[in-house]
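Printed here is structure_13.cif (mmCIF, C-alpha atoms):
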data_work
loop_
_atom_site.group_PDB
_atom_site.id
_atom_site.type_symbol
_atom_site.label_atom_id
_atom_site.label_comp_id
_atom_site.auth_asym_id
_atom_site.auth_seq_id
_atom_site.Cartn_x
_atom_site.Cartn_y
_atom_site.Cartn_z
ATOM 1 C CA MET A 1 -61.579 53.485 -10.285
ATOM 2 C CA LYS A 2 -59.429 55.480 -7.928
ATOM 3 C CA ARG A 3 -57.980 53.626 -4.943
ATOM 4 C CA PHE A 4 -58.569 55.085 -1.475
ATOM 5 C CA ASP A 5 -55.878 53.823 0.880
ATOM 6 C CA SER A 6 -57.590 55.328 3.902
ATOM 7 C CA LEU A 7 -60.773 53.358 3.138
ATOM 8 C CA ASP A 8 -58.703 50.178 2.809
ATOM 9 C CA ILE A 9 -57.306 50.811 6.286
ATOM 10 C CA LEU A 10 -60.837 51.409 7.571
ATOM 11 C CA LYS A 11 -61.980 48.098 5.991
ATOM 12 C CA TYR A 12 -59.083 46.230 7.645
ATOM 13 C CA PHE A 13 -60.052 47.770 10.966
ATOM 14 C CA ALA A 14 -63.711 46.793 10.454
ATOM 15 C CA CYS A 15 -62.666 43.224 9.523
ATOM 16 C CA PHE A 16 -60.716 43.033 12.760
ATOM 17 C CA LEU A 17 -63.794 44.208 14.683
ATOM 18 C CA VAL A 18 -65.959 41.549 12.998
ATOM 19 C CA ILE A 19 -63.458 38.868 14.027
ATOM 20 C CA ILE A 20 -63.525 40.088 17.618
ATOM 21 C CA ILE A 21 -67.359 40.106 17.593
ATOM 22 C CA HIS A 22 -67.303 36.381 16.827
ATOM 23 C CA MET A 23 -64.738 35.514 19.506
ATOM 24 C CA ASP A 24 -65.497 34.397 23.019
ATOM 25 C CA ILE A 25 -64.464 37.320 25.155
ATOM 26 C CA PRO A 26 -65.175 37.905 28.840
ATOM 27 C CA LYS A 27 -68.564 39.518 29.463
ATOM 28 C CA THR A 28 -67.090 42.432 31.399
ATOM 29 C CA LEU A 29 -64.762 43.282 28.517
ATOM 30 C CA GLU A 30 -67.555 42.743 25.981
ATOM 31 C CA LEU A 31 -69.757 45.295 27.746
ATOM 32 C CA ILE A 32 -66.987 47.863 27.531
ATOM 33 C CA ILE A 33 -66.036 47.357 23.874
ATOM 34 C CA GLN A 34 -69.445 46.359 22.401
ATOM 35 C CA PRO A 35 -70.225 49.895 21.153
ATOM 36 C CA LEU A 36 -66.954 49.916 19.215
ATOM 37 C CA LEU A 37 -67.451 46.397 17.829
ATOM 38 C CA THR A 38 -70.923 47.126 16.482
ATOM 39 C CA THR A 39 -69.597 49.905 14.248
ATOM 40 C CA ALA A 40 -68.078 47.359 11.830
ATOM 41 C CA VAL A 41 -71.190 46.566 9.791
ATOM 42 C CA PRO A 42 -72.313 50.201 9.344
ATOM 43 C CA ILE A 43 -68.752 50.976 8.218
ATOM 44 C CA PHE A 44 -68.989 48.315 5.498
ATOM 45 C CA PHE A 45 -72.392 49.603 4.360
ATOM 46 C CA MET A 46 -71.094 53.182 4.219
ATOM 47 C CA ILE A 47 -68.040 52.166 2.196
ATOM 48 C CA SER A 48 -70.269 50.229 -0.216
ATOM 49 C CA GLY A 49 -72.507 53.292 -0.505
ATOM 50 C CA PHE A 50 -69.498 55.552 -1.063
ATOM 51 C CA PHE A 51 -68.556 53.590 -4.180
ATOM 52 C CA TYR A 52 -72.115 53.051 -5.397
ATOM 53 C CA ASN A 53 -72.395 56.480 -7.038
ATOM 54 C CA GLU A 54 -69.372 55.638 -9.171
ATOM 55 C CA THR A 55 -70.987 52.319 -10.095
ATOM 56 C CA ILE A 56 -74.071 54.198 -11.317
ATOM 57 C CA LYS A 57 -71.979 56.720 -13.279
ATOM 58 C CA ARG A 58 -70.091 53.923 -15.036
ATOM 59 C CA GLY A 59 -73.322 52.100 -15.886
ATOM 60 C CA LYS A 60 -72.298 48.982 -13.964
ATOM 61 C CA THR A 61 -75.257 48.739 -11.579
ATOM 62 C CA VAL A 62 -76.823 45.643 -13.155
ATOM 63 C CA ARG A 63 -73.418 43.965 -13.409
ATOM 64 C CA GLN A 64 -72.762 44.604 -9.715
ATOM 65 C CA ILE A 65 -76.198 43.258 -8.743
ATOM 66 C CA LYS A 66 -75.597 40.103 -10.819
ATOM 67 C CA LYS A 67 -72.178 39.617 -9.224
ATOM 68 C CA ILE A 68 -73.491 40.010 -5.666
ATOM 69 C CA ALA A 69 -76.556 37.845 -6.484
ATOM 70 C CA MET A 70 -74.345 35.019 -7.756
ATOM 71 C CA LEU A 71 -72.160 35.283 -4.670
ATOM 72 C CA ALA A 72 -75.245 35.259 -2.411
ATOM 73 C CA ILE A 73 -76.775 32.250 -4.196
ATOM 74 C CA ILE A 74 -73.563 30.231 -4.004
ATOM 75 C CA ALA A 75 -72.930 31.184 -0.371
ATOM 76 C CA ASN A 76 -76.490 30.295 0.670
ATOM 77 C CA LEU A 77 -76.424 26.981 -1.220
ATOM 78 C CA VAL A 78 -73.122 26.090 0.422
ATOM 79 C CA HIS A 79 -74.590 27.019 3.795
ATOM 80 C CA ILE A 80 -77.701 24.882 3.155
ATOM 81 C CA GLY A 81 -75.480 22.019 2.011
ATOM 82 C CA TRP A 82 -73.345 22.337 5.121
ATOM 83 C CA SER A 83 -76.454 22.343 7.329
ATOM 84 C CA CYS A 84 -77.688 19.159 5.595
ATOM 85 C CA PHE A 85 -74.266 17.552 5.997
ATOM 86 C CA LYS A 86 -74.238 18.332 9.723
ATOM 87 C CA LEU A 87 -77.720 16.819 10.110
ATOM 88 C CA LEU A 88 -76.678 13.671 8.249
ATOM 89 C CA ILE A 89 -73.492 13.104 10.238
ATOM 90 C CA ASN A 90 -75.540 13.490 13.426
ATOM 91 C CA GLY A 91 -77.891 10.780 12.189
ATOM 92 C CA LYS A 92 -80.835 13.111 11.575
ATOM 93 C CA SER A 93 -83.118 13.383 8.555
ATOM 94 C CA ILE A 94 -82.692 16.360 6.247
ATOM 95 C CA LEU A 95 -86.292 16.249 4.967
ATOM 96 C CA PRO A 96 -87.789 18.453 7.713
ATOM 97 C CA PHE A 97 -85.003 20.970 7.141
ATOM 98 C CA ILE A 98 -85.505 21.004 3.347
ATOM 99 C CA LYS A 99 -89.295 21.350 3.802
ATOM 100 C CA ALA A 100 -88.720 24.262 6.199
ATOM 101 C CA VAL A 101 -86.366 25.948 3.702
ATOM 102 C CA LEU A 102 -88.862 25.625 0.823
ATOM 103 C CA GLU A 103 -91.930 26.693 2.800
ATOM 104 C CA PRO A 104 -93.510 29.840 1.264
ATOM 105 C CA ASN A 105 -93.308 31.820 4.530
ATOM 106 C CA ALA A 106 -89.645 30.869 4.887
ATOM 107 C CA LEU A 107 -88.890 32.087 1.370
ATOM 108 C CA LEU A 108 -90.815 35.293 2.030
ATOM 109 C CA ASN A 109 -88.829 35.866 5.234
ATOM 110 C CA LEU A 110 -85.602 35.213 3.338
ATOM 111 C CA PHE A 111 -86.297 37.594 0.460
ATOM 112 C CA LEU A 112 -88.072 40.369 2.336
ATOM 113 C CA PHE A 113 -86.440 40.337 5.757
ATOM 114 C CA ASN A 114 -83.159 38.438 5.224
ATOM 115 C CA GLN A 115 -84.140 35.844 7.826
ATOM 116 C CA PRO A 116 -83.286 32.403 6.458
ATOM 117 C CA VAL A 117 -84.393 29.164 8.126
ATOM 118 C CA TRP A 118 -80.774 28.064 8.310
ATOM 119 C CA ARG A 119 -78.512 29.863 10.736
ATOM 120 C CA THR A 120 -76.231 31.943 8.619
ATOM 121 C CA SER A 121 -73.200 34.081 9.107
ATOM 122 C CA ILE A 122 -73.485 35.384 5.544
ATOM 123 C CA TRP A 123 -76.377 37.732 6.243
ATOM 124 C CA TYR A 124 -74.333 40.725 5.077
ATOM 125 C CA ILE A 125 -74.175 39.441 1.488
ATOM 126 C CA ASN A 126 -77.942 38.916 1.473
ATOM 127 C CA ALA A 127 -78.532 42.352 3.014
ATOM 128 C CA LEU A 128 -76.240 44.016 0.484
ATOM 129 C CA LEU A 129 -78.117 42.338 -2.366
ATOM 130 C CA ILE A 130 -81.478 43.490 -0.989
ATOM 131 C CA VAL A 131 -80.198 47.061 -0.640
ATOM 132 C CA LEU A 132 -78.749 47.047 -4.166
ATOM 133 C CA LEU A 133 -82.012 45.729 -5.627
ATOM 134 C CA LEU A 134 -84.131 48.258 -3.724
ATOM 135 C CA ASN A 135 -81.818 51.067 -4.730
ATOM 136 C CA TYR A 136 -81.916 50.000 -8.375
ATOM 137 C CA ILE A 137 -85.721 49.816 -8.387
ATOM 138 C CA ILE A 138 -86.022 53.204 -6.681
ATOM 139 C CA TYR A 139 -83.425 54.712 -9.034
ATOM 140 C CA LYS A 140 -85.308 53.453 -12.101
ATOM 141 C CA CYS A 141 -88.819 54.297 -10.881
ATOM 142 C CA CYS A 142 -88.468 57.476 -8.835
ATOM 143 C CA ASN A 143 -86.659 60.721 -8.533
ATOM 144 C CA TYR A 144 -84.089 60.355 -5.721
ATOM 145 C CA LYS A 145 -84.715 63.873 -4.470
ATOM 146 C CA LYS A 146 -88.382 63.110 -3.818
ATOM 147 C CA ILE A 147 -88.002 59.863 -1.898
ATOM 148 C CA TYR A 148 -86.230 60.882 1.282
ATOM 149 C CA TRP A 149 -89.403 59.892 3.140
ATOM 150 C CA LEU A 150 -88.523 56.252 2.367
ATOM 151 C CA ILE A 151 -85.366 56.325 4.499
ATOM 152 C CA PRO A 152 -87.101 55.384 7.783
ATOM 153 C CA VAL A 153 -88.984 52.566 6.002
ATOM 154 C CA LEU A 154 -85.805 51.129 4.484
ATOM 155 C CA ILE A 155 -83.931 51.162 7.774
#
Represent the structure of the file as structure tokens.
Amino acid sequence: MKRFDSLDILKYFACFLVIIIHMDIPKTLELIIQPLLTTAVPIFFMISGFFYNETIKRGKTVRQIKKIAMLAIIANLVHIGWSCFKLLINGKSILPFIKAVLEPNALLNLFLFNQPVWRTSIWYINALLIVLLLNYIIYKCCNYKKIYWLIPVLI
């Protein structure tokens, strides 16, 4: 696949913005630069979308979904493990947390709305997986040119 140096620079810039988003900055400064900071995630989604057509052409869609799914599973399990570890070192029981994670509504919220019970900073991986799965299903079941009406629903 062809390398796009300008997109690499854009990704570095977006990474920098994500880091700044997670820093403690003065409220007055945050109000001024917030519109710029919030462009980072849409930039990452657009870059992923830019390369997705090539993924389809090369027949690597399922492989990409499996790769992102494995990454999402591992990241979420690590995050759950870390949450349990923090509860244990604070002398709290992990059973209520585990029950909350395995509750049917919690699983539904995770898979449909990317809202896990545990606080997570890895939401982007989960969101990317959901988008890839939806896109794959739509690509296999429908004609792309006839489904533009789904755009507002997917947003």
Could you give me, as JSON, numbers by chain, the residues within 10 Å of A:Ile80, counting all atoms listed in the file and dropping anything in the same chain fewer than 3 positions from it? {"A": [74, 75, 76, 77, 83, 84, 85, 86, 97, 98, 101, 116, 117, 118, 119, 120]}
Atoms to include: C-alpha atoms. Write the selected residues as a PDB file, in the frame of the given file.
ATOM      1  CA  ILE A  74     -73.563  30.231  -4.004  1.00  0.00           C
ATOM      2  CA  ALA A  75     -72.930  31.184  -0.371  1.00  0.00           C
ATOM      3  CA  ASN A  76     -76.490  30.295   0.670  1.00  0.00           C
ATOM      4  CA  LEU A  77     -76.424  26.981  -1.220  1.00  0.00           C
ATOM      5  CA  SER A  83     -76.454  22.343   7.329  1.00  0.00           C
ATOM      6  CA  CYS A  84     -77.688  19.159   5.595  1.00  0.00           C
ATOM      7  CA  PHE A  85     -74.266  17.552   5.997  1.00  0.00           C
ATOM      8  CA  LYS A  86     -74.238  18.332   9.723  1.00  0.00           C
ATOM      9  CA  PHE A  97     -85.003  20.970   7.141  1.00  0.00           C
ATOM     10  CA  ILE A  98     -85.505  21.004   3.347  1.00  0.00           C
ATOM     11  CA  VAL A 101     -86.366  25.948   3.702  1.00  0.00           C
ATOM     12  CA  PRO A 116     -83.286  32.403   6.458  1.00  0.00           C
ATOM     13  CA  VAL A 117     -84.393  29.164   8.126  1.00  0.00           C
ATOM     14  CA  TRP A 118     -80.774  28.064   8.310  1.00  0.00           C
ATOM     15  CA  ARG A 119     -78.512  29.863  10.736  1.00  0.00           C
ATOM     16  CA  THR A 120     -76.231  31.943   8.619  1.00  0.00           C
TER      17      THR A 120
END
For the file shown, report as a PyMOL selection string the outcome of the PyMOL selection byres ((chain A and resi 37) around 8) at residue level. chain A and resi 17-18+20-21+33-36+38-40
For the point (-87.7, 35.1, 6.2) in file coordinates, what residues are within 12 Å, counting only C-alpha atoms? Give the answer as a PyMOL selection string? chain A and resi 100-119+123+126
Go ahead and fit an axis-aligned box to every listed atom of stretch 12-22 of chain A plus 3 Å each side, and pass me the centre and edge lengths in Å, one decimal, as JSON.
{"center_x": -63.2, "center_y": 42.1, "center_z": 12.6, "size_x": 14.3, "size_y": 17.4, "size_z": 16.0}
Suppose a student applies the PyMOL selection byres ((chain A and resi 45) around 12) to this structure; what residues should they get, written as an mmCIF file with C-alpha atoms, keeping the file's coordinate frame?
data_model
loop_
_atom_site.group_PDB
_atom_site.id
_atom_site.type_symbol
_atom_site.label_atom_id
_atom_site.label_comp_id
_atom_site.auth_asym_id
_atom_site.auth_seq_id
_atom_site.Cartn_x
_atom_site.Cartn_y
_atom_site.Cartn_z
ATOM 1 C CA LYS A 11 -61.980 48.098 5.991
ATOM 2 C CA ALA A 14 -63.711 46.793 10.454
ATOM 3 C CA THR A 39 -69.597 49.905 14.248
ATOM 4 C CA ALA A 40 -68.078 47.359 11.830
ATOM 5 C CA VAL A 41 -71.190 46.566 9.791
ATOM 6 C CA PRO A 42 -72.313 50.201 9.344
ATOM 7 C CA ILE A 43 -68.752 50.976 8.218
ATOM 8 C CA PHE A 44 -68.989 48.315 5.498
ATOM 9 C CA MET A 46 -71.094 53.182 4.219
ATOM 10 C CA ILE A 47 -68.040 52.166 2.196
ATOM 11 C CA SER A 48 -70.269 50.229 -0.216
ATOM 12 C CA GLY A 49 -72.507 53.292 -0.505
ATOM 13 C CA PHE A 50 -69.498 55.552 -1.063
ATOM 14 C CA PHE A 51 -68.556 53.590 -4.180
ATOM 15 C CA TYR A 52 -72.115 53.051 -5.397
ATOM 16 C CA TYR A 124 -74.333 40.725 5.077
ATOM 17 C CA ILE A 125 -74.175 39.441 1.488
ATOM 18 C CA ALA A 127 -78.532 42.352 3.014
ATOM 19 C CA LEU A 128 -76.240 44.016 0.484
ATOM 20 C CA LEU A 129 -78.117 42.338 -2.366
ATOM 21 C CA VAL A 131 -80.198 47.061 -0.640
ATOM 22 C CA LEU A 132 -78.749 47.047 -4.166
#
At a cut-off of 10 Å, using all atoms listed in the file, what residues contact stretch 60-62 of chain A? Leave out same-chain residues fewer than 4 positions from it and give the result as a PyMOL selection string. chain A and resi 52-56+66-68+132-133+135-136
Just how far from atom CA of A:Cys15 is atom CA of A:Lys27, in Å to one decimal?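 These two atoms are separated by 21.1 Å.
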Can you measure atom CA of A:Ile19 to atom CA of A:Lys2 for me? One decimal in Å is fine. 27.8 Å
Have a look at atom CA of A:Ile73 and atom CA of A:Ser121 and let me know their distance in Å, one decimal.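 Taking atom CA of A:Ile73 and atom CA of A:Ser121, their separation equals 13.9 Å.
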Which residue is closest to A:Ile130? Choose from A:Leu88, A:Ile94, A:Ala69, A:Leu29 and count all atoms listed in the file. A:Ala69
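For the choices A:Leu134, A:Leu7, A:Cys142, A:Ile32, the atom-to-atom distance to A:Ile65 is smallest for A:Leu134 when using only C-alpha atoms.
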